[in-house]
Protein chains: 4
Amino acid sequence: MNFDLVIVNAEVCTPSGRARQDIAVQDGKIAALALPGQLKGRKELDAAGKIVLPGVIHTHVHMREPGLTYKEDYESGTKAAAAGGVTMTMDMPNVQPPTTTVERYLAKKEIASKKCFVDFQHWPGPTDPKEVHNFGKLGGVPGIKEFMVRDPKAKYPHMPELAIPDHGVLFKLMKATAEEGLPMLIHGENPELMAAIAEPFLGTNTKEARFNAYNYGNWWFQTRDIGSMIAIMIARLAGVKLHVLHMGQGRYMHRYVKRAKEEGQPVTGELESTWLVERQTDPERRKWLELGNYRPECTYADELWEAVNDGTVDCMLLEHAPHHKKEVLAAEKNVWDAPGGLAAIQDMVPLLLTQVNKGKTTLERFTLLTAENPARLAGVYPRKGAIKVGSDADFSVVDMNAEKTIRHEEVISHVEFTPWHGYVAKGWPVYTIVRGEVVMDHGKVIGKMGHGQYVPASHNSR
Amino acid sequence: MNFDLVIVNAEVCTPSGRARQDIAVQDGKIAALALPGQLKGRKELDAAGKIVLPGVIHTHVHMREPGLTYKEDYESGTKAAAAGGVTMTMDMPNVQPPTTTVERYLAKKEIASKKCFVDFQHWPGPTDPKEVHNFGKLGGVPGIKEFMVRDPKAKYPHMPELAIPDHGVLFKLMKATAEEGLPMLIHGENPELMAAIAEPFLGTNTKEARFNAYNYGNWWFQTRDIGSMIAIMIARLAGVKLHVLHMGQGRYMHRYVKRAKEEGQPVTGELESTWLVERQTDPERRKWLELGNYRPECTYADELWEAVNDGTVDCMLLEHAPHHKKEVLAAEKNVWDAPGGLAAIQDMVPLLLTQVNKGKTTLERFTLLTAENPARLAGVYPRKGAIKVGSDADFSVVDMNAEKTIRHEEVISHVEFTPWHGYVAKGWPVYTIVRGEVVMDHGKVIGKMGHGQYVPASHNSR
Amino acid sequence: MNFDLVIVNAEVCTPSGRARQDIAVQDGKIAALALPGQLKGRKELDAAGKIVLPGVIHTHVHMREPGLTYKEDYESGTKAAAAGGVTMTMDMPNVQPPTTTVERYLAKKEIASKKCFVDFQHWPGPTDPKEVHNFGKLGGVPGIKEFMVRDPKAKYPHMPELAIPDHGVLFKLMKATAEEGLPMLIHGENPELMAAIAEPFLGTNTKEARFNAYNYGNWWFQTRDIGSMIAIMIARLAGVKLHVLHMGQGRYMHRYVKRAKEEGQPVTGELESTWLVERQTDPERRKWLELGNYRPECTYADELWEAVNDGTVDCMLLEHAPHHKKEVLAAEKNVWDAPGGLAAIQDMVPLLLTQVNKGKTTLERFTLLTAENPARLAGVYPRKGAIKVGSDADFSVVDMNAEKTIRHEEVISHVEFTPWHGYVAKGWPVYTIVRGEVVMDHGKVIGKMGHGQYVPASHNSR
Amino acid sequence: MNFDLVIVNAEVCTPSGRARQDIAVQDGKIAALALPGQLKGRKELDAAGKIVLPGVIHTHVHMREPGLTYKEDYESGTKAAAAGGVTMTMDMPNVQPPTTTVERYLAKKEIASKKCFVDFQHWPGPTDPKEVHNFGKLGGVPGIKEFMVRDPKAKYPHMPELAIPDHGVLFKLMKATAEEGLPMLIHGENPELMAAIAEPFLGTNTKEARFNAYNYGNWWFQTRDIGSMIAIMIARLAGVKLHVLHMGQGRYMHRYVKRAKEEGQPVTGELESTWLVERQTDPERRKWLELGNYRPECTYADELWEAVNDGTVDCMLLEHAPHHKKEVLAAEKNVWDAPGGLAAIQDMVPLLLTQVNKGKTTLERFTLLTAENPARLAGVYPRKGAIKVGSDADFSVVDMNAEKTIRHEEVISHVEFTPWHGYVAKGWPVYTIVRGEVVMDHGKVIGKMGHGQYVPASHNSR
């Protein structure tokens, strides 16, 4: 048979190991895997010297659309994803208006369907248990995201409609989510506790970016630990499968997740992996990290790597939380107005592959934590996240020997800067392939806007 | 020297063992301990065949005064204590008005000073960190009690003024308490979570006492587990020494306390020991227990005994939470109006000594958990809680072989019933001695109202 | 291309999930995997209604050759394997003479090459560290098996040459094994301790089969716990990757393995899974199990299933330790002479699939624990243990709905009986395929003796 | 009454706290404790400014008599004890001939009865279970000490008769010990393992003292860890109360003891506390420590202090294992002949009190770990180890503010040197009182040889 596309000379790497095999694509699916030389295609892509990975799925993206599109929109965000070797994005509900209802979810799907370069899904954030059931009835929804926040009297990051007034409501949301067979993603926090910890510092001289990173971050992290543990305990009571976000941003979160797993509770965890990248000493990079509320080093990074390698971490990513350069620089004047978070989707894969090259983890585990596990979490496995016959032909083809400097000038996102400017990464994506279409070739995005599709989730299949 | 009183022929039992020695009392203090026959007194008390224990201190009493004195008052409550072998009581702040300010605390002290048969202290429950500092300045205060409750829109059990609006305020209260060098006693709960769990049951047929014990109790217990764990985590952050109340009333609380201790956090725990008394099959006793919201059996009693014996439990007691018979019986008609809790101070010692006689724990450990540890917790050790030269001459003299039936007719408390009616206990207090005065002799209270004194606490001494 | 064989209409099940795909075999290898209908072969095997699993590898087989071939030999043993859906066997060194040297290992390889129906390897058991290095130099060896036994002054089961005189020698063997990059399989025991425990019973009336199962077994199990823990500790010191055998036969072994994994030590574990089959009440089956030293029930089977499902267990199997019916029945007369162990290779797959059908674990996990993990352990992955392009075309094709009674009459092994006689299993192998050849078709072995090949191991590949 | 002796103006410190009280002694017993000024004596000892502690009991002493008296004998050893504030010693059975039989135990008792300055007991080391029963029948024996050693073909430190051939014999010894109601003290080791670890180093240049401390010590420590864990496991099986010696000399022993306690096993532990004294930088002290096989620093000293304060450690001491200066210096020439161990009984109390003064632990805990717990372990509590009416009048009176330099010149032991020469300790014993007799006054031994008595143990009392 003459297939649409055959990838030849490939070394394929998946969680279960590496092999040399050719890959045939037909109608956007993997139609056949075969010993080299057996398959013929109308097109051929020669992957000699490269490694073909299952397409990277980024499950923690803020696309800022609708409502905050000066920071990012589906076009810029998914184009950056494609450039960065990411084949699918899943974005968060804290946009304006927030994605709290089926109606808004479908509206977002509608917008995204026209603007995306890579495939996509959305995590809705209903705060009414009835609406959780409506999402269940709708079908195709990957899970429910909840922020353990109170009404912050602010438009961003957690608009009033996302607030969960108390743990009773959280319990009801978890119960409804469990009844619909969906996982819950939790942003663990304890906002009143954080406010109380912060209070003594509010009147102090804070006109330094570092203040945010070192104090604001610290308060937040302490309450993340406690908030996440509360969520784990209530989830046990409610019987919901819980996905704990932001591990790493809290001294003990990974330990709590590990312990819950050891006790047999159905808990998974996402490692916010900024700290897996080594300590930054360059003043420019330190500045941007601090402006984005990140300390440029971590005293417990070794513990986090251990969590990566011992099964505690299910998903490894750098959160994509873009804010425009102007907003971020405002922190230099008034630290309290500055938003937290950084654009990371374009740089994430090379940053993490650099660590693989340093031997911190294996490429096999990288594919588990960036493709298979995210796909399972989102209920899109094995359509996504696998190099299997019948799966979507999504691949991140990487050159583990390529070295390149990350630069502000290459940034596709609206933010106009990258905190990793000047960093030399080793290990780069060279092709991003989404359902058989090469959407990125050696850093250049050649896909078409609108190629990206909505991927309905199903938690009935394994 | 001729002492005021000498107790002769005594076997003295303390946490560090048993010994035969005579005890001399002068001016209400232990003036000397000596080998038998060495001491002379103007009065002698022959303790042959009995065991002299350090006076039992009950740290979890609801005296209901002011405001709810039809349930109990200082006179009835401390008279019942004296009858039951208890030499000091410490009562809780959820009275009317609640003991949230120094002024109210001093007013309570004033009332109690005139009406008590045994020595006393009060746990204040300020909900404003400033008032915590005022208590610190006042001095003599044993610690701070907080209820993790919200405004219940009700007069009882947790009146609006005791409500803590959120975990941030709890953190501030803990921090202030730590700064004053005081311990915090925590009633762990998560009221919104409890309401959410209860909601589906609210419309069901609940006109049975058992409903309360089996469902209401269950919800409450689940939220106690979580509330207590939250308190432990916030206490670590705030640096306060935490005393976790109500262990036993929650499937896992004792495990959390054990783990916190293993991790080196300064946490102590009180075991609500109703379940240390064995399973009750008598219908009368089952009825009263159920009316009081207690299930007459426990599936994890063995685990609780293990916690008693392995150091997890610091204080062992049956909470004294009296409600009048009429109120309790109202639960037979409308279960939602019925208050939870039972009068236990008069029966506690014989109930627990019966278990000692059954070999569940040692008499030495009984004295540790009912005298030394409570005294240390409250900052009154070694004035109280010890049989040492210089300590107050407070003794619970017990006859471990005495057998007697507990009966409604003997109840001194205002409540007019005992849930243990008909139970044959083995091991009874025969003398209660408070600062050298015998206030109870073989069940009969012979002390004078007003003999009981306020005992100022000090957490500077060891 | 026209392949040698195409398996059509297959549902393929592997650790990462299930999929419908056709499988092409060329020259004994999986040449292609493709969407249904894409592949053509000179032969076709219709797997409609069946599930294709990666070929089951049995890593704990006693083939009894050379020296004890009246119990079993390569012909009978591997024919039974083929009948039972097993595509590769790995046998133990306690034969006569024992496989302690390269020379004997090669001699066994020579014999087996002519007599096997399925592929094979041998675990050598050198007791001299130099010989471990010789095995390393030889190459192809899967690992080193050690018995923590002393010279038993007996021919069986652990002949003098297998004895390890002390823990120092064990340490040296482990160190040598680590230096050769091989894993060590450990039969944990403490023979002197066992003898000491047994001593008081040796003079008692023991003329009952049950005695063995209930007492001998008990002593043994207690010393297995301790022996295995010792091995785990010495392995940490020696830096060797340890595979703990016989989990399940010891109250705590699985807990020790779990803890070692949690602490990051490279330890894997084999669950002897007789007790995963439910409690046997049938007198006939009880008798045979007891004669074979197995109690017909286990008080901690739930804990073992948990270990299967939580990642503690890496390999799940029923040890194949055949003894002839006459030897086994001798235990009815003199229990001390009776050998322990049962023939299980023919019944293992249906027995375990029955449990999968009961929902005790998933078929996916079954393939992980019977194919992928055993292959990784033995250094033959992904040639074996995977359904991947380039892997050997080894398949256990099963009918999960087939029900059949296990019967003495069907036994291929020399032993002439099965302890599971009369048991109705649900879930049976219907084809055993070894490198593209169907060697068993619906219970009938149609392969040729000698088809089975030696599979060289390599621990350099992943 | 006019007592033999009254200690006045004393601050008394015991595990349960401190108090000002006078102490009356009559016939060698504490006859009365009383408020200051109440007691009269024919003699008075003014303890103003000092602290009276329960007499320190050293449970791990090598008195070297009979057979090795050039190193130490009862006279020199107990005189050094008296000088060092120690009121009772318990010595080990590895003398010549070793104390393996009742006969030898009684012979030692006979010798010691004439030569001791302080009270004493002996730990016998029978290696035949029958002899354990003989010790049980004899009565008065404090427990059984076993060395997990094999026949070392040497006279010292573990002579052939002390060897335990295997774990089976150890099990039998433990079982017999449990049957006699005695505790077992275990010297955990794995001699074959140690030999195997050492082997590669045996041919290397070892003519340096440091070699022993850094390599020999290391091997030994690794096998102590494993040996102790094995002992804990076999003890669980045998049901014996186990006292683990030499915690600290092994990276993980304290963790194993902690875990066993958490699991409820009756295990206690002795901390060899050389490493509780801070890192030594002085070349002279480093030399002597290294010659004695001790490294002058420890990477996990903080962990050991934690074990002291969290209840893991029951007994805290510096092992007294004297070797003559000449023997020790021989290690400079041939490291393999040099014995391990140091004389410490004279310096132990000031060395540890210096740490108390530094705030590492409390004086209360010091008394628990050096007096009450050792006395309980040895079955001599409350006759010894307590300041209670009726107890022996044994006191270590200390001046916590005294500062003095430790010097070779002061050494009473036969060894003629102290490894702490030049170290300034703060906190010194000023009186040692044994059964009412002051045997040491401000460093000068004024007691009489032969005053020391054998103290029969009883494990029936609490």
# chains A, B, ... in the order shown; residues from 1 in each chain; ligands from 1
call {"tool": "residues_around", "arguments": {"residues": "Ser76 of chain B", "least_positions_apart": "4", "cutoff": "7 Å", "atoms": "only C-alpha atoms", "output": "MDAnalysis selection string"}}
result
chainID B and resid 72 80 412:414
call {"tool": "residues_around", "arguments": {"residues": "Tyr256 of chain A", "least_positions_apart": "2", "cutoff": "9 Å", "atoms": "only C-alpha atoms", "output": "mmCIF file with N, CA and C atoms, in the first residue's frame"}}
result
data_model
loop_
_atom_site.group_PDB
_atom_site.id
_atom_site.type_symbol
_atom_site.label_atom_id
_atom_site.label_comp_id
_atom_site.auth_asym_id
_atom_site.auth_seq_id
_atom_site.Cartn_x
_atom_site.Cartn_y
_atom_site.Cartn_z
ATOM 1 N N ASP A 225 1.352 23.998 49.921
ATOM 2 C CA ASP A 225 1.559 22.743 50.641
ATOM 3 C C ASP A 225 0.293 22.357 51.398
ATOM 4 N N SER A 228 -2.865 21.840 49.187
ATOM 5 C CA SER A 228 -2.838 20.580 48.433
ATOM 6 C C SER A 228 -3.128 19.395 49.344
ATOM 7 N N MET A 229 -2.585 19.427 50.554
ATOM 8 C CA MET A 229 -2.849 18.336 51.498
ATOM 9 C C MET A 229 -4.334 18.296 51.857
ATOM 10 N N ILE A 232 -6.119 16.700 49.019
ATOM 11 C CA ILE A 232 -5.901 15.247 48.995
ATOM 12 C C ILE A 232 -6.813 14.565 50.009
ATOM 13 N N TYR A 252 6.781 20.543 50.398
ATOM 14 C CA TYR A 252 6.426 19.165 50.735
ATOM 15 C C TYR A 252 5.389 18.525 49.824
ATOM 16 N N MET A 253 4.871 19.292 48.837
ATOM 17 C CA MET A 253 3.784 18.745 48.031
ATOM 18 C C MET A 253 4.121 17.384 47.429
ATOM 19 N N HIS A 254 5.322 17.262 46.907
ATOM 20 C CA HIS A 254 5.678 15.980 46.285
ATOM 21 C C HIS A 254 5.693 14.856 47.318
ATOM 22 N N LYS A 258 3.450 11.533 47.131
ATOM 23 C CA LYS A 258 4.089 10.219 47.241
ATOM 24 C C LYS A 258 3.405 9.385 48.321
ATOM 25 N N ARG A 259 3.167 10.006 49.457
ATOM 26 C CA ARG A 259 2.555 9.274 50.566
ATOM 27 C C ARG A 259 1.124 8.826 50.216
ATOM 28 N N ALA A 260 0.383 9.707 49.573
ATOM 29 C CA ALA A 260 -0.993 9.341 49.182
ATOM 30 C C ALA A 260 -0.970 8.148 48.222
ATOM 31 N N LYS A 261 -0.015 8.153 47.300
ATOM 32 C CA LYS A 261 0.113 7.014 46.377
ATOM 33 C C LYS A 261 0.453 5.744 47.145
#
call {"tool": "closest_atom_pairs", "arguments": {"of": "chain B", "to": "chain A", "cutoff": "9 Å", "atoms": "only C-alpha atoms", "output": "Markdown table"}}
result
| residue | atom | partner | partner_atom | distance |
| --- | --- | --- | --- | --- |
| B:Asp166 | CA | A:Glu192 | CA | 6.4 |
| B:His167 | CA | A:Leu193 | CA | 5.3 |
| B:Gly168 | CA | A:Leu193 | CA | 3.7 |
| B:Val169 | CA | A:Ala196 | CA | 6.9 |
| B:Leu170 | CA | A:Leu193 | CA | 8.2 |
| B:Phe171 | CA | A:Leu193 | CA | 6.7 |
| B:Lys172 | CA | A:Ala196 | CA | 6.7 |
| B:Asn190 | CA | A:His167 | CA | 7.7 |
| B:Pro191 | CA | A:Gly168 | CA | 7.9 |
| B:Glu192 | CA | A:Gly168 | CA | 4.5 |
| B:Leu193 | CA | A:Gly168 | CA | 3.7 |
| B:Met194 | CA | A:Gly168 | CA | 6.9 |
| B:Ala195 | CA | A:Gly168 | CA | 6.7 |
| B:Ala196 | CA | A:Gly168 | CA | 4.8 |
| B:Ile197 | CA | A:Gly168 | CA | 7.5 |
| B:Gln222 | CA | A:Leu237 | CA | 8.0 |
| B:Ile226 | CA | A:Met233 | CA | 6.7 |
| B:Gly227 | CA | A:Ile230 | CA | 9.0 |
| B:Met229 | CA | A:Ile230 | CA | 8.3 |
| B:Ile230 | CA | A:Ile230 | CA | 6.9 |
| B:Met233 | CA | A:Ile226 | CA | 6.6 |
| B:Ile234 | CA | A:Ile226 | CA | 7.6 |
| B:Leu237 | CA | A:Gln222 | CA | 8.0 |
call {"tool": "residues_around", "arguments": {"residues": "Glu270 of chain A", "least_positions_apart": "3", "cutoff": "10 Å", "atoms": "only C-alpha atoms", "output": "list in words"}}
result
Thr59, His60, Leu185, His243, Val244, Leu245, His246, Met247, Gly248, His254, Val257, Ser273, Val308, Thr312, Val313, Asp314, Cys315, Met316, Leu317, Leu318, Glu319, Leu369 and Pro374 of chain A
call {"tool": "residues_around", "arguments": {"residues": "Asp347 of chain B", "least_positions_apart": "5", "cutoff": "9 Å", "atoms": "only C-alpha atoms", "output": "ChimeraX atom specification"}}
result
/B:80-81,83-84,318,352,406,418,420
call {"tool": "select_by_dssp", "arguments": {"residues": "segment 126-188 of chain C", "states": "strand (DSSP E or B)", "output": "PyMOL selection string"}}
result
chain C and resi 140+144-147+184-187
call {"tool": "write_last_selection", "arguments": {"atoms": "N, CA, C and O atoms", "output": "PDB file, in the first residue's frame"}}
result
ATOM      1  N   GLY C 140      25.872 -13.280  27.452  1.00  0.00           N
ATOM      2  CA  GLY C 140      24.605 -13.933  27.162  1.00  0.00           C
ATOM      3  C   GLY C 140      23.858 -14.437  28.375  1.00  0.00           C
ATOM      4  O   GLY C 140      22.717 -14.879  28.266  1.00  0.00           O
ATOM      5  N   ILE C 144      22.466 -14.036  37.912  1.00  0.00           N
ATOM      6  CA  ILE C 144      23.029 -15.044  38.803  1.00  0.00           C
ATOM      7  C   ILE C 144      22.001 -15.381  39.873  1.00  0.00           C
ATOM      8  O   ILE C 144      21.434 -14.482  40.494  1.00  0.00           O
ATOM      9  N   LYS C 145      21.764 -16.672  40.049  1.00  0.00           N
ATOM     10  CA  LYS C 145      20.829 -17.113  41.076  1.00  0.00           C
ATOM     11  C   LYS C 145      21.611 -17.646  42.262  1.00  0.00           C
ATOM     12  O   LYS C 145      22.518 -18.456  42.086  1.00  0.00           O
ATOM     13  N   GLU C 146      21.263 -17.168  43.461  1.00  0.00           N
ATOM     14  CA  GLU C 146      21.906 -17.720  44.645  1.00  0.00           C
ATOM     15  C   GLU C 146      20.853 -18.206  45.640  1.00  0.00           C
ATOM     16  O   GLU C 146      19.823 -17.572  45.825  1.00  0.00           O
ATOM     17  N   PHE C 147      21.169 -19.318  46.240  1.00  0.00           N
ATOM     18  CA  PHE C 147      20.356 -19.870  47.321  1.00  0.00           C
ATOM     19  C   PHE C 147      21.061 -19.566  48.636  1.00  0.00           C
ATOM     20  O   PHE C 147      22.224 -19.942  48.811  1.00  0.00           O
ATOM     21  N   MET C 184      21.075 -10.145  40.490  1.00  0.00           N
ATOM     22  CA  MET C 184      21.111 -11.376  41.271  1.00  0.00           C
ATOM     23  C   MET C 184      19.702 -11.759  41.701  1.00  0.00           C
ATOM     24  O   MET C 184      18.967 -10.943  42.238  1.00  0.00           O
ATOM     25  N   LEU C 185      19.367 -13.037  41.457  1.00  0.00           N
ATOM     26  CA  LEU C 185      18.107 -13.593  41.953  1.00  0.00           C
ATOM     27  C   LEU C 185      18.403 -14.257  43.284  1.00  0.00           C
ATOM     28  O   LEU C 185      19.319 -15.067  43.377  1.00  0.00           O
ATOM     29  N   ILE C 186      17.617 -13.929  44.282  1.00  0.00           N
ATOM     30  CA  ILE C 186      17.943 -14.468  45.587  1.00  0.00           C
ATOM     31  C   ILE C 186      16.806 -15.336  46.152  1.00  0.00           C
ATOM     32  O   ILE C 186      15.648 -14.941  46.155  1.00  0.00           O
ATOM     33  N   HIS C 187      17.201 -16.528  46.547  1.00  0.00           N
ATOM     34  CA  HIS C 187      16.352 -17.409  47.334  1.00  0.00           C
ATOM     35  C   HIS C 187      16.742 -17.117  48.781  1.00  0.00           C
ATOM     36  O   HIS C 187      17.750 -17.617  49.267  1.00  0.00           O
TER      37      HIS C 187
END
call {"tool": "residues_around", "arguments": {"residues": "Thr405 of chain C", "least_positions_apart": "4", "cutoff": "12 Å", "atoms": "only C-alpha atoms", "output": "JSON, numbers by chain"}}
result
{"C": [347, 350, 351, 354, 409, 410, 418, 420, 421, 422, 423, 424, 425, 426, 427, 428]}
call {"tool": "residues_around", "arguments": {"residues": "segment 291-298 of chain C", "least_positions_apart": "3", "cutoff": "6 Å", "atoms": "only C-alpha atoms", "output": "PyMOL selection string"}}
result
chain C and resi 209+212-213+279-280+286+288+301+340-342
call {"tool": "write_last_selection", "arguments": {"atoms": "C-alpha atoms", "output": "JSON list (two decimals), in the first residue's frame"}}
result
[["chain", "number", "residue", "atom", "x", "y", "z"],
["C", 209, "ALA", "CA", 0.72, -34.41, 54.99],
["C", 212, "ASN", "CA", 4.40, -30.20, 56.30],
["C", 213, "ALA", "CA", 2.15, -27.52, 54.95],
["C", 279, "ARG", "CA", -8.97, -20.58, 48.94],
["C", 280, "GLN", "CA", -9.42, -24.23, 48.03],
["C", 286, "ARG", "CA", -6.38, -29.51, 49.53],
["C", 288, "TRP", "CA", -2.29, -32.22, 46.89],
["C", 301, "ALA", "CA", -4.02, -12.74, 50.13],
["C", 340, "GLY", "CA", 8.27, -29.47, 48.50],
["C", 341, "GLY", "CA", 6.93, -27.94, 45.33],
["C", 342, "LEU", "CA", 4.43, -28.63, 42.61]]
call {"tool": "residues_around", "arguments": {"residues": "segment 37-53 of chain D", "least_positions_apart": "4", "cutoff": "8 Å", "atoms": "only C-alpha atoms", "output": "list in words"}}
result
Met1 of chain B; Met1, Asn2, Phe3, Asp4, Leu5, Val6, Ile7, Val8, Asn9, Ala10, Glu11, Val12, Cys13, Thr14, Asp22, Ile23, Ala24, Thr367, Ile387, Phe395, Ser396, Val397, Val398, Asp399 and Met400 of chain D
call {"tool": "atom_distance", "arguments": {"atom1": "atom CA of Pro266 of chain C", "atom2": "atom CA of Val240 of chain C"}}
result
7.7 Å
call {"tool": "select_by_dssp", "arguments": {"residues": "segment 234-373 of chain A", "states": "helix (DSSP H, G or I)", "output": "count of residues only"}}
result
69
call {"tool": "atom_distance", "arguments": {"atom1": "atom CA of His408 of chain D", "atom2": "atom CA of Gln346 of chain D"}}
result
11.3 Å
call {"tool": "atom_distance", "arguments": {"atom1": "atom CA of Leu271 of chain B", "atom2": "atom CA of Lys358 of chain B"}}
result
18.8 Å
